[in-house]
>>> print(open('model-v4.txt').read())   # compact mmCIF, C-alpha atoms and all ligand atoms
# COMPACT_ATOMS: atom_id res chain seq x y z
CA MET A 110 -14.40 -19.33 -0.77
CA LYS A 111 -12.99 -15.87 -0.92
CA LYS A 112 -9.25 -15.84 -0.30
CA LEU A 113 -8.30 -13.95 2.83
CA GLY A 114 -4.51 -14.01 2.63
CA GLN A 115 -4.20 -15.36 6.15
CA HIS A 116 -0.48 -15.59 6.77
CA PHE A 117 0.37 -14.63 10.31
CA LEU A 118 3.69 -13.18 11.38
CA ILE A 119 5.07 -15.61 13.92
CA ASP A 120 8.40 -13.85 14.41
CA TYR A 121 7.43 -11.37 17.10
CA SER A 122 10.60 -9.29 16.74
CA ILE A 123 9.29 -8.27 13.29
CA LEU A 124 6.05 -7.08 14.88
CA ASP A 125 8.08 -5.00 17.35
CA ARG A 126 10.08 -3.51 14.51
CA LEU A 127 6.97 -2.62 12.50
CA VAL A 128 5.86 -0.59 15.49
CA GLU A 129 9.30 1.01 15.86
CA TYR A 130 9.50 1.98 12.17
CA ALA A 131 6.30 3.96 12.57
CA SER A 132 7.72 5.89 15.59
CA ILE A 133 4.34 5.92 17.27
CA SER A 134 3.54 8.31 20.07
CA ARG A 135 0.46 9.21 22.13
CA ASP A 136 -0.49 11.71 19.42
CA ASP A 137 -1.05 9.03 16.83
CA VAL A 138 -4.20 7.38 15.57
CA VAL A 139 -3.07 4.21 13.82
CA LEU A 140 -4.99 2.13 11.30
CA GLU A 141 -4.27 -1.61 11.08
CA VAL A 142 -5.78 -3.61 8.21
CA GLY A 143 -6.18 -7.34 8.84
CA ALA A 144 -5.63 -7.54 12.58
CA GLY A 145 -5.75 -11.34 12.72
CA THR A 146 -5.48 -12.43 16.35
CA GLY A 147 -4.34 -8.98 17.45
CA GLU A 148 -0.63 -9.65 17.97
CA LEU A 149 0.38 -6.46 16.19
CA THR A 150 -2.67 -4.60 17.46
CA TRP A 151 -1.79 -4.76 21.17
CA ARG A 152 1.76 -3.68 20.42
CA LEU A 153 0.36 -0.63 18.65
CA ALA A 154 -2.15 0.03 21.43
CA ARG A 155 0.65 0.31 23.99
CA LYS A 156 2.16 3.27 22.11
CA ALA A 157 -0.65 5.02 20.24
CA ARG A 158 -3.47 7.27 21.32
CA LYS A 159 -5.86 5.10 19.39
CA VAL A 160 -5.77 2.04 17.12
CA ILE A 161 -8.44 1.36 14.53
CA ALA A 162 -8.10 -2.33 13.67
CA VAL A 163 -10.13 -4.02 10.93
CA GLU A 164 -10.51 -7.79 10.60
CA ILE A 165 -12.85 -9.61 8.22
CA ASP A 166 -12.76 -13.08 9.82
CA GLU A 167 -15.27 -13.45 12.63
CA LYS A 168 -13.34 -16.11 14.54
CA LEU A 169 -10.10 -14.18 14.42
CA ALA A 170 -11.82 -10.94 15.37
CA LEU A 171 -13.29 -12.66 18.42
CA GLU A 172 -9.89 -13.98 19.45
CA ALA A 173 -8.40 -10.52 18.94
CA SER A 174 -11.14 -8.82 20.95
CA LYS A 175 -10.36 -11.07 23.95
CA LYS A 176 -6.67 -10.26 23.73
CA LEU A 177 -7.39 -6.56 23.34
CA SER A 178 -10.06 -6.20 26.02
CA ILE A 179 -7.56 -4.66 28.48
CA TYR A 180 -6.86 -1.79 26.06
CA ASP A 181 -9.48 0.93 25.99
CA ASN A 182 -7.86 2.71 23.03
CA VAL A 183 -8.57 0.02 20.41
CA GLU A 184 -11.51 0.18 18.06
CA LEU A 185 -11.77 -3.30 16.58
CA ILE A 186 -14.05 -3.41 13.57
CA ARG A 187 -15.27 -6.71 12.15
CA GLY A 188 -15.66 -6.38 8.41
CA ASP A 189 -14.17 -6.03 4.95
CA ILE A 190 -11.86 -3.02 4.71
CA LEU A 191 -12.82 -2.52 1.07
CA GLU A 192 -16.46 -2.08 2.08
CA LEU A 193 -15.78 -0.12 5.25
CA ARG A 194 -13.12 2.21 3.93
CA LYS A 195 -15.42 5.12 3.12
CA ASN A 196 -16.30 5.36 6.80
CA ILE A 197 -12.82 5.01 8.19
CA LYS A 198 -11.24 8.38 8.79
CA GLY A 199 -9.08 10.27 11.20
CA PHE A 200 -5.96 8.08 11.24
CA ASN A 201 -2.56 9.68 10.72
CA LYS A 202 -0.47 6.50 10.52
CA VAL A 203 -0.91 3.01 9.11
CA VAL A 204 0.90 -0.08 10.40
CA SER A 205 -0.13 -3.45 9.12
CA ASN A 206 0.58 -6.88 7.71
CA PRO A 207 -2.35 -6.77 5.29
CA PRO A 208 -3.76 -9.48 3.02
CA TYR A 209 -1.70 -9.23 -0.17
CA GLN A 210 -4.52 -9.86 -2.63
CA ILE A 211 -6.01 -6.45 -1.86
CA SER A 212 -2.65 -4.58 -1.92
CA THR A 213 -3.35 -2.42 -4.97
CA LYS A 214 -6.84 -1.29 -3.94
CA LEU A 215 -5.67 -0.76 -0.39
CA MET A 216 -2.68 1.28 -1.52
CA TYR A 217 -4.80 3.61 -3.74
CA TRP A 218 -7.16 4.27 -0.89
CA LEU A 219 -4.41 4.78 1.69
CA ILE A 220 -2.53 7.22 -0.51
CA MET A 221 -5.66 9.26 -1.22
CA ASN A 222 -6.14 9.61 2.56
CA LEU A 223 -2.62 11.00 2.91
CA PRO A 224 -1.59 9.61 6.31
CA GLU A 225 1.82 10.96 7.35
CA LYS A 226 3.44 7.54 7.64
CA ILE A 227 2.65 4.07 6.30
CA VAL A 228 4.52 0.94 7.43
CA LEU A 229 3.50 -2.31 5.73
CA THR A 230 4.62 -5.80 4.91
CA LEU A 231 3.96 -6.32 1.22
CA GLN A 232 4.69 -8.87 -1.45
CA LYS A 233 8.29 -8.14 -2.48
CA GLU A 234 7.45 -7.32 -6.12
CA PHE A 235 4.70 -4.92 -5.09
CA ALA A 236 7.02 -3.20 -2.59
CA GLN A 237 9.54 -2.78 -5.43
CA LYS A 238 6.89 -1.12 -7.58
CA ILE A 239 6.04 1.33 -4.82
CA THR A 240 9.68 2.29 -4.26
CA SER A 241 10.61 2.49 -7.95
CA THR A 242 11.21 5.92 -9.47
CA PRO A 243 10.46 7.38 -12.93
CA GLY A 244 12.45 5.66 -15.67
CA SER A 245 12.54 2.30 -13.91
CA ARG A 246 10.92 -0.60 -15.78
CA LYS A 247 8.96 -1.37 -12.63
CA TYR A 248 7.40 2.11 -12.59
CA VAL A 249 3.63 1.70 -12.99
CA TYR A 250 0.59 3.84 -12.16
CA THR A 251 0.68 2.84 -8.48
CA SER A 252 4.36 3.87 -8.38
CA PHE A 253 3.41 7.26 -9.81
CA LEU A 254 0.74 7.77 -7.16
CA ALA A 255 3.11 6.74 -4.36
CA ASN A 256 5.88 8.97 -5.75
CA LEU A 257 3.64 11.98 -6.00
CA PHE A 258 2.90 12.07 -2.29
CA TYR A 259 5.41 9.77 -0.55
CA LYS A 260 9.07 9.02 -0.10
CA SER A 261 9.21 5.23 0.13
CA GLN A 262 11.91 2.76 1.05
CA ILE A 263 12.20 -0.97 1.59
CA VAL A 264 13.81 -1.49 4.99
CA GLU A 265 13.75 -5.27 5.35
CA GLU A 266 13.16 -8.45 3.44
CA VAL A 267 11.03 -10.85 5.47
CA PRO A 268 11.78 -14.57 5.04
CA ARG A 269 8.80 -16.78 4.15
CA SER A 270 9.47 -18.87 7.25
CA PHE A 271 8.49 -15.89 9.43
CA PHE A 272 4.86 -16.42 8.41
CA LYS A 273 2.48 -19.21 9.28
CA PRO A 274 1.24 -20.83 7.13
CA MET A 275 4.29 -20.21 4.97
CA PRO A 276 3.34 -18.14 1.88
CA LYS A 277 4.46 -18.88 -1.68
CA VAL A 278 5.77 -15.35 -2.18
CA ASP A 279 8.54 -13.22 -0.71
CA SER A 280 7.79 -10.23 1.47
CA SER A 281 9.36 -6.88 2.26
CA ILE A 282 8.72 -4.19 4.82
CA ILE A 283 8.16 -0.78 3.34
CA ILE A 284 8.14 2.65 5.03
CA MET A 285 6.32 5.47 3.24
CA GLU A 286 6.71 9.02 4.51
CA ARG A 287 4.49 11.82 3.29
CA LYS A 288 6.37 14.42 1.26
CA ASN A 289 6.14 18.06 2.33
CA ASN A 290 4.74 19.24 -0.96
CA GLU A 291 1.49 20.85 -1.84
CA ASN A 292 0.66 18.57 -4.74
CA THR A 293 -2.99 18.44 -5.50
CA VAL A 294 -4.60 16.51 -8.28
CA GLY A 295 -8.23 15.85 -9.09
CA GLU A 296 -9.95 12.63 -10.00
CA GLU A 297 -10.29 13.58 -13.67
CA GLU A 298 -6.57 14.30 -13.93
CA LEU A 299 -5.78 10.99 -12.22
CA ASN A 300 -7.97 9.16 -14.73
CA ILE A 301 -6.02 10.70 -17.57
CA ILE A 302 -2.72 9.67 -15.98
CA LYS A 303 -4.02 6.19 -15.27
CA SER A 304 -4.94 5.67 -18.89
CA LEU A 305 -1.57 7.06 -20.03
CA PHE A 306 0.07 4.39 -17.87
CA THR A 307 -1.71 1.62 -19.76
CA GLN A 308 0.79 2.56 -22.48
CA ARG A 309 3.57 3.58 -20.18
CA MET A 310 6.48 2.40 -22.38
CA ARG A 311 5.21 4.49 -25.29
CA LYS A 312 6.03 8.09 -26.03
CA LEU A 313 3.55 10.54 -24.55
CA ARG A 314 2.46 11.63 -28.05
CA LYS A 315 1.40 8.09 -28.91
CA ALA A 316 -0.19 7.33 -25.52
CA LEU A 317 -2.19 10.54 -25.73
CA SER A 318 -4.09 9.51 -28.84
CA SER A 319 -6.43 7.16 -26.93
CA VAL A 320 -6.83 9.70 -24.12
CA ALA A 321 -7.80 12.31 -26.69
CA ALA A 322 -10.41 9.99 -28.19
CA ALA A 323 -11.89 9.15 -24.78
CA LEU A 324 -12.15 12.85 -23.90
CA GLN A 325 -13.44 13.75 -27.37
CA LEU A 326 -10.54 16.07 -27.91
CA ASN A 327 -8.52 16.50 -31.03
CA LEU A 328 -4.99 15.11 -30.60
CA LYS A 329 -3.61 18.00 -32.66
CA GLU A 330 -5.08 20.48 -30.18
CA ILE A 331 -3.36 18.71 -27.29
CA GLU A 332 -0.08 18.61 -29.16
CA LYS A 333 -0.27 22.37 -29.69
CA VAL A 334 -0.31 23.12 -25.95
CA LEU A 335 2.40 20.68 -24.87
CA PRO A 336 6.13 21.19 -25.54
CA SER A 337 7.54 18.70 -28.05
CA GLU A 338 10.31 17.50 -25.71
CA LEU A 339 7.56 16.27 -23.38
CA LEU A 340 5.59 14.67 -26.21
CA ASP A 341 8.69 12.72 -27.23
CA GLU A 342 9.34 11.41 -23.72
CA ARG A 343 8.11 7.98 -22.67
CA VAL A 344 5.25 8.02 -20.16
CA TYR A 345 7.09 6.01 -17.47
CA ARG A 346 10.03 8.42 -17.56
CA LEU A 347 8.01 11.53 -16.71
CA GLU A 348 8.25 12.98 -13.19
CA PRO A 349 4.98 12.75 -11.23
CA ALA A 350 4.55 16.53 -10.92
CA LYS A 351 5.05 16.84 -14.71
CA LEU A 352 2.36 14.26 -15.37
CA CYS A 353 -0.06 16.18 -13.16
CA GLU A 354 0.76 19.36 -15.04
CA ILE A 355 0.15 17.64 -18.38
CA ALA A 356 -3.18 16.24 -17.16
CA LYS A 357 -4.26 19.68 -15.93
CA ILE A 358 -3.41 21.28 -19.28
CA ILE A 359 -5.47 18.63 -21.07
CA MET A 360 -8.43 19.11 -18.71
CA ASN A 361 -8.29 22.86 -19.37
CA LEU A 362 -8.85 22.16 -23.06
CA LYS A 363 -12.10 20.44 -22.09
CA ASP A 364 -13.52 23.55 -20.42
N1 LIG B 401 -1.80 -8.82 11.22
C1 LIG B 401 -1.87 -10.25 11.47
C2 LIG B 401 -2.61 -11.00 10.36
C3 LIG B 401 -2.09 -10.85 8.97
S1 LIG B 401 -2.82 -11.95 7.81
C4 LIG B 401 -0.47 -10.81 11.68
O1 LIG B 401 0.50 -10.19 11.25
O2 LIG B 401 -0.34 -11.87 12.26
C5 LIG B 401 -4.02 -10.89 7.03
C6 LIG B 401 -5.30 -10.72 7.84
O3 LIG B 401 -6.19 -9.91 7.06
C7 LIG B 401 -6.04 -12.01 8.12
O4 LIG B 401 -6.35 -12.05 9.47
C8 LIG B 401 -7.33 -11.93 7.26
O5 LIG B 401 -8.44 -12.56 7.83
C9 LIG B 401 -7.53 -10.42 7.16
N2 LIG B 401 -8.27 -9.96 5.98
C10 LIG B 401 -8.30 -10.51 4.73
N3 LIG B 401 -9.03 -9.78 3.88
C11 LIG B 401 -9.51 -8.72 4.60
C12 LIG B 401 -10.36 -7.62 4.27
N4 LIG B 401 -10.85 -7.46 3.04
N5 LIG B 401 -10.66 -6.73 5.27
C13 LIG B 401 -10.15 -6.89 6.51
N6 LIG B 401 -9.35 -7.91 6.87
C14 LIG B 401 -9.03 -8.83 5.93
>>> encode(input="model-v4.txt", output="structure tokens", more="lines below")
Ligand code: SAH
Amino acid sequence: MKKLGQHFLIDYSILDRLVEYASISRDDVVLEVGAGTGELTWRLARKARKVIAVEIDEKLALEASKKLSIYDNVELIRGDILELRKNIKGFNKVVSNPPYQISTKLMYWLIMNLPEKIVLTLQKEFAQKITSTPGSRKYVYTSFLANLFYKSQIVEEVPRSFFKPMPKVDSSIIIMERKNNENTVGEEELNIIKSLFTQRMRKLRKALSSVAAALQLNLKEIEKVLPSELLDERVYRLEPAKLCEIAKIIMNLKD
């Protein structure tokens, strides 16, 4: 059977705080992924203009729909968020205790939608990746993506005993706030950066050689258009805006 990561928050004060961290008002359309029995959902519904709640498990969704029937501002969708995501739009905040096994995919998708605020419980190690900054050993591609668009902080560690059934991993609550920058980056540039991160501890010069091959570019040509102090820096130490600039320069060579 497919794992669904069903660990419910049974400490209700945490649910209240998740809502508070998101400072929800009647202007907000909030997305919740993995609504379970709707305990967090109704708390969101009391504050938000609208809540879009997604739950894959039929039984749980039914239980949630009963609990939520008195709220006319909840759209409860029964289904797999990874299949539905293309059709889910129009939310400006995300508050959720999502299933951890889809964290990475969920995070990519959320970031590309650019909601102004994201409040999540996450596996502790994953939360640390999201909040890590360039130069940290934890800094991976997902960290880069988060850093490019968001200011992220861990605000609480959540004890395992706050979940039922008790999980085997530690959890943290993370708040991500959209940065006020105008960063834009295309899919092709992101693919270049993603492949650079597969060799993130290497110097850019070295990591670029496989990128060059994949793009059918000559490494020497790339080296000519990039300053040597950048080429001698390690991938995971480069600032996100710099990496985007590098990827754009490389894509220009393609044209
Ligand atoms: N928010 C609830 C439940 C969290 S547990 C609470 O805090 O109590 C995670 C929930 O996500 C479970 O209800 C599980 O059934 C649901 N889920 C798992 N995979 C999913 C997916 N791909 N799409 C939507 N929901 C999913």
>>> residues_around(input="model-v4.txt", residues="stretch 151-166 of chain A", least_positions_apart="6", cutoff="8 Å", atoms="all atoms listed in the file", output="ChimeraX atom specification")
/A:124-125,128,133-145,176-177,180,182-190,200
>>> write_last_selection(input="model-v4.txt", atoms="C-alpha atoms", output="JSON list (two decimals), keeping the file's coordinate frame")
[["chain", "number", "residue", "atom", "x", "y", "z"],
["A", 124, "LEU", "CA", 6.05, -7.08, 14.88],
["A", 125, "ASP", "CA", 8.08, -5.00, 17.35],
["A", 128, "VAL", "CA", 5.86, -0.59, 15.49],
["A", 133, "ILE", "CA", 4.34, 5.92, 17.27],
["A", 134, "SER", "CA", 3.54, 8.31, 20.07],
["A", 135, "ARG", "CA", 0.46, 9.21, 22.13],
["A", 136, "ASP", "CA", -0.49, 11.71, 19.42],
["A", 137, "ASP", "CA", -1.05, 9.03, 16.83],
["A", 138, "VAL", "CA", -4.20, 7.38, 15.57],
["A", 139, "VAL", "CA", -3.07, 4.21, 13.82],
["A", 140, "LEU", "CA", -4.99, 2.13, 11.30],
["A", 141, "GLU", "CA", -4.27, -1.61, 11.08],
["A", 142, "VAL", "CA", -5.78, -3.61, 8.21],
["A", 143, "GLY", "CA", -6.18, -7.34, 8.84],
["A", 144, "ALA", "CA", -5.63, -7.54, 12.58],
["A", 145, "GLY", "CA", -5.75, -11.34, 12.72],
["A", 176, "LYS", "CA", -6.67, -10.26, 23.73],
["A", 177, "LEU", "CA", -7.39, -6.56, 23.34],
["A", 180, "TYR", "CA", -6.86, -1.79, 26.06],
["A", 182, "ASN", "CA", -7.86, 2.71, 23.03],
["A", 183, "VAL", "CA", -8.57, 0.02, 20.41],
["A", 184, "GLU", "CA", -11.51, 0.18, 18.06],
["A", 185, "LEU", "CA", -11.77, -3.30, 16.58],
["A", 186, "ILE", "CA", -14.05, -3.41, 13.57],
["A", 187, "ARG", "CA", -15.27, -6.71, 12.15],
["A", 188, "GLY", "CA", -15.66, -6.38, 8.41],
["A", 189, "ASP", "CA", -14.17, -6.03, 4.95],
["A", 190, "ILE", "CA", -11.86, -3.02, 4.71],
["A", 200, "PHE", "CA", -5.96, 8.08, 11.24]]
>>> residues_around(input="model-v4.txt", residues="A:Ser280", least_positions_apart="2", cutoff="7 Å", atoms="only C-alpha atoms", output="PDB file with C-alpha atoms, in the frame of the given file")
ATOM      1  CA  THR A 230       4.620  -5.800   4.910  1.00  0.00           C
ATOM      2  CA  LEU A 231       3.960  -6.320   1.220  1.00  0.00           C
ATOM      3  CA  GLN A 232       4.690  -8.870  -1.450  1.00  0.00           C
ATOM      4  CA  LYS A 233       8.290  -8.140  -2.480  1.00  0.00           C
ATOM      5  CA  GLU A 266      13.160  -8.450   3.440  1.00  0.00           C
ATOM      6  CA  VAL A 267      11.030 -10.850   5.470  1.00  0.00           C
ATOM      7  CA  PRO A 268      11.780 -14.570   5.040  1.00  0.00           C
ATOM      8  CA  VAL A 278       5.770 -15.350  -2.180  1.00  0.00           C
ATOM      9  CA  ILE A 282       8.720  -4.190   4.820  1.00  0.00           C
TER      10      ILE A 282
END
>>> axis_aligned_box(input="model-v4.txt", around="stretch 142-146 of chain A", padding_each_side="6 Å", output="lines of an AutoDock Vina configuration file")
center_x = -5.8
center_y = -8.0
center_z = 12.3
size_x = 12.7
size_y = 20.8
size_z = 20.1
>>> residues_around(input="model-v4.txt", residues="A:Arg311", least_positions_apart="4", cutoff="12 Å", atoms="all atoms listed in the file", output="list in words")
Leu305, Phe306, Thr307, Lys315, Ala316, Leu317, Ser318, Leu340, Asp341, Glu342, Arg343, Val344, Tyr345, Arg346 and Leu347 of chain A
>>> write_last_selection(input="model-v4.txt", atoms="C-alpha atoms", output="mmCIF file, in the frame of the given file")
data_model
loop_
_atom_site.group_PDB
_atom_site.id
_atom_site.type_symbol
_atom_site.label_atom_id
_atom_site.label_comp_id
_atom_site.auth_asym_id
_atom_site.auth_seq_id
_atom_site.Cartn_x
_atom_site.Cartn_y
_atom_site.Cartn_z
ATOM 1 C CA LEU A 305 -1.570 7.060 -20.030
ATOM 2 C CA PHE A 306 0.070 4.390 -17.870
ATOM 3 C CA THR A 307 -1.710 1.620 -19.760
ATOM 4 C CA LYS A 315 1.400 8.090 -28.910
ATOM 5 C CA ALA A 316 -0.190 7.330 -25.520
ATOM 6 C CA LEU A 317 -2.190 10.540 -25.730
ATOM 7 C CA SER A 318 -4.090 9.510 -28.840
ATOM 8 C CA LEU A 340 5.590 14.670 -26.210
ATOM 9 C CA ASP A 341 8.690 12.720 -27.230
ATOM 10 C CA GLU A 342 9.340 11.410 -23.720
ATOM 11 C CA ARG A 343 8.110 7.980 -22.670
ATOM 12 C CA VAL A 344 5.250 8.020 -20.160
ATOM 13 C CA TYR A 345 7.090 6.010 -17.470
ATOM 14 C CA ARG A 346 10.030 8.420 -17.560
ATOM 15 C CA LEU A 347 8.010 11.530 -16.710
#
>>> residues_near_point(input="model-v4.txt", point="(5.8, 17.8, -9.8)", cutoff="10 Å", atoms="only C-alpha atoms", output="PyMOL selection string")
chain A and resi 256-258+290-293+347-354
>>> residues_around(input="model-v4.txt", residues="A:Gln237", least_positions_apart="5", cutoff="10 Å", atoms="only C-alpha atoms", output="list in words")
Leu231, Gln232, Thr242, Lys247, Tyr248, Ser252, Ser261, Gln262, Ile263, Ser281 and Ile283 of chain A
>>> decode(input="model-v4.txt", residues="stretch 232-262 of chain A", atoms="N, CA and C atoms", output="compact mmCIF listing (two decimals), in the first residue's frame")
# COMPACT_ATOMS: atom_id res chain seq x y z
N GLN A 232 9.66 17.41 8.46
CA GLN A 232 10.70 16.63 9.13
C GLN A 232 11.86 17.57 9.43
N LYS A 233 12.38 17.47 10.66
CA LYS A 233 13.40 18.42 11.14
C LYS A 233 14.55 18.63 10.14
N GLU A 234 15.09 17.53 9.60
CA GLU A 234 16.24 17.63 8.69
C GLU A 234 15.87 18.39 7.42
N PHE A 235 14.65 18.18 6.96
CA PHE A 235 14.21 18.87 5.74
C PHE A 235 14.03 20.37 6.03
N ALA A 236 13.46 20.68 7.20
CA ALA A 236 13.30 22.09 7.59
C ALA A 236 14.67 22.77 7.67
N GLN A 237 15.67 22.03 8.15
CA GLN A 237 17.02 22.60 8.25
C GLN A 237 17.61 22.87 6.87
N LYS A 238 17.28 22.00 5.91
CA LYS A 238 17.76 22.26 4.54
C LYS A 238 17.14 23.53 3.99
N ILE A 239 15.84 23.69 4.21
CA ILE A 239 15.14 24.86 3.68
C ILE A 239 15.70 26.16 4.27
N THR A 240 16.03 26.13 5.56
CA THR A 240 16.50 27.36 6.21
C THR A 240 18.01 27.57 6.08
N SER A 241 18.72 26.60 5.51
CA SER A 241 20.18 26.77 5.42
C SER A 241 20.51 27.80 4.34
N THR A 242 21.67 28.42 4.49
CA THR A 242 22.08 29.47 3.55
C THR A 242 23.34 29.04 2.81
N PRO A 243 23.69 29.74 1.71
CA PRO A 243 24.85 29.34 0.92
C PRO A 243 26.10 29.16 1.79
N GLY A 244 26.85 28.10 1.54
CA GLY A 244 28.05 27.84 2.30
C GLY A 244 27.83 26.81 3.40
N SER A 245 26.57 26.56 3.73
CA SER A 245 26.29 25.54 4.75
C SER A 245 26.35 24.16 4.09
N ARG A 246 26.80 23.17 4.84
CA ARG A 246 26.90 21.81 4.27
C ARG A 246 25.52 21.23 3.98
N LYS A 247 24.50 21.83 4.58
CA LYS A 247 23.13 21.33 4.35
C LYS A 247 22.50 21.95 3.10
N TYR A 248 23.22 22.88 2.49
CA TYR A 248 22.64 23.67 1.38
C TYR A 248 22.57 22.84 0.10
N VAL A 249 21.34 22.45 -0.27
CA VAL A 249 21.12 21.63 -1.47
C VAL A 249 20.27 22.42 -2.47
N TYR A 250 19.89 21.76 -3.56
CA TYR A 250 19.11 22.47 -4.59
C TYR A 250 17.82 23.06 -4.03
N THR A 251 17.11 22.29 -3.20
CA THR A 251 15.86 22.80 -2.62
C THR A 251 16.13 24.04 -1.77
N SER A 252 17.28 24.06 -1.07
CA SER A 252 17.64 25.23 -0.27
C SER A 252 17.83 26.44 -1.17
N PHE A 253 18.50 26.22 -2.30
CA PHE A 253 18.71 27.30 -3.27
C PHE A 253 17.37 27.90 -3.71
N LEU A 254 16.45 27.00 -4.08
CA LEU A 254 15.16 27.45 -4.59
C LEU A 254 14.41 28.25 -3.51
N ALA A 255 14.44 27.73 -2.29
CA ALA A 255 13.78 28.42 -1.17
C ALA A 255 14.44 29.78 -0.94
N ASN A 256 15.77 29.80 -0.94
CA ASN A 256 16.52 31.04 -0.70
C ASN A 256 16.28 32.11 -1.76
N LEU A 257 16.07 31.66 -2.97
CA LEU A 257 15.90 32.61 -4.07
C LEU A 257 14.65 33.46 -3.85
N PHE A 258 13.60 32.83 -3.37
CA PHE A 258 12.31 33.54 -3.28
C PHE A 258 11.82 33.80 -1.85
N TYR A 259 12.39 33.09 -0.86
CA TYR A 259 11.82 33.16 0.49
C TYR A 259 12.86 33.41 1.58
N LYS A 260 12.38 34.06 2.64
CA LYS A 260 13.14 34.17 3.88
C LYS A 260 12.50 33.13 4.80
N SER A 261 13.28 32.16 5.25
CA SER A 261 12.69 31.05 6.01
C SER A 261 13.29 30.93 7.40
N GLN A 262 12.46 30.59 8.36
CA GLN A 262 12.99 30.34 9.70
C GLN A 262 12.23 29.20 10.38
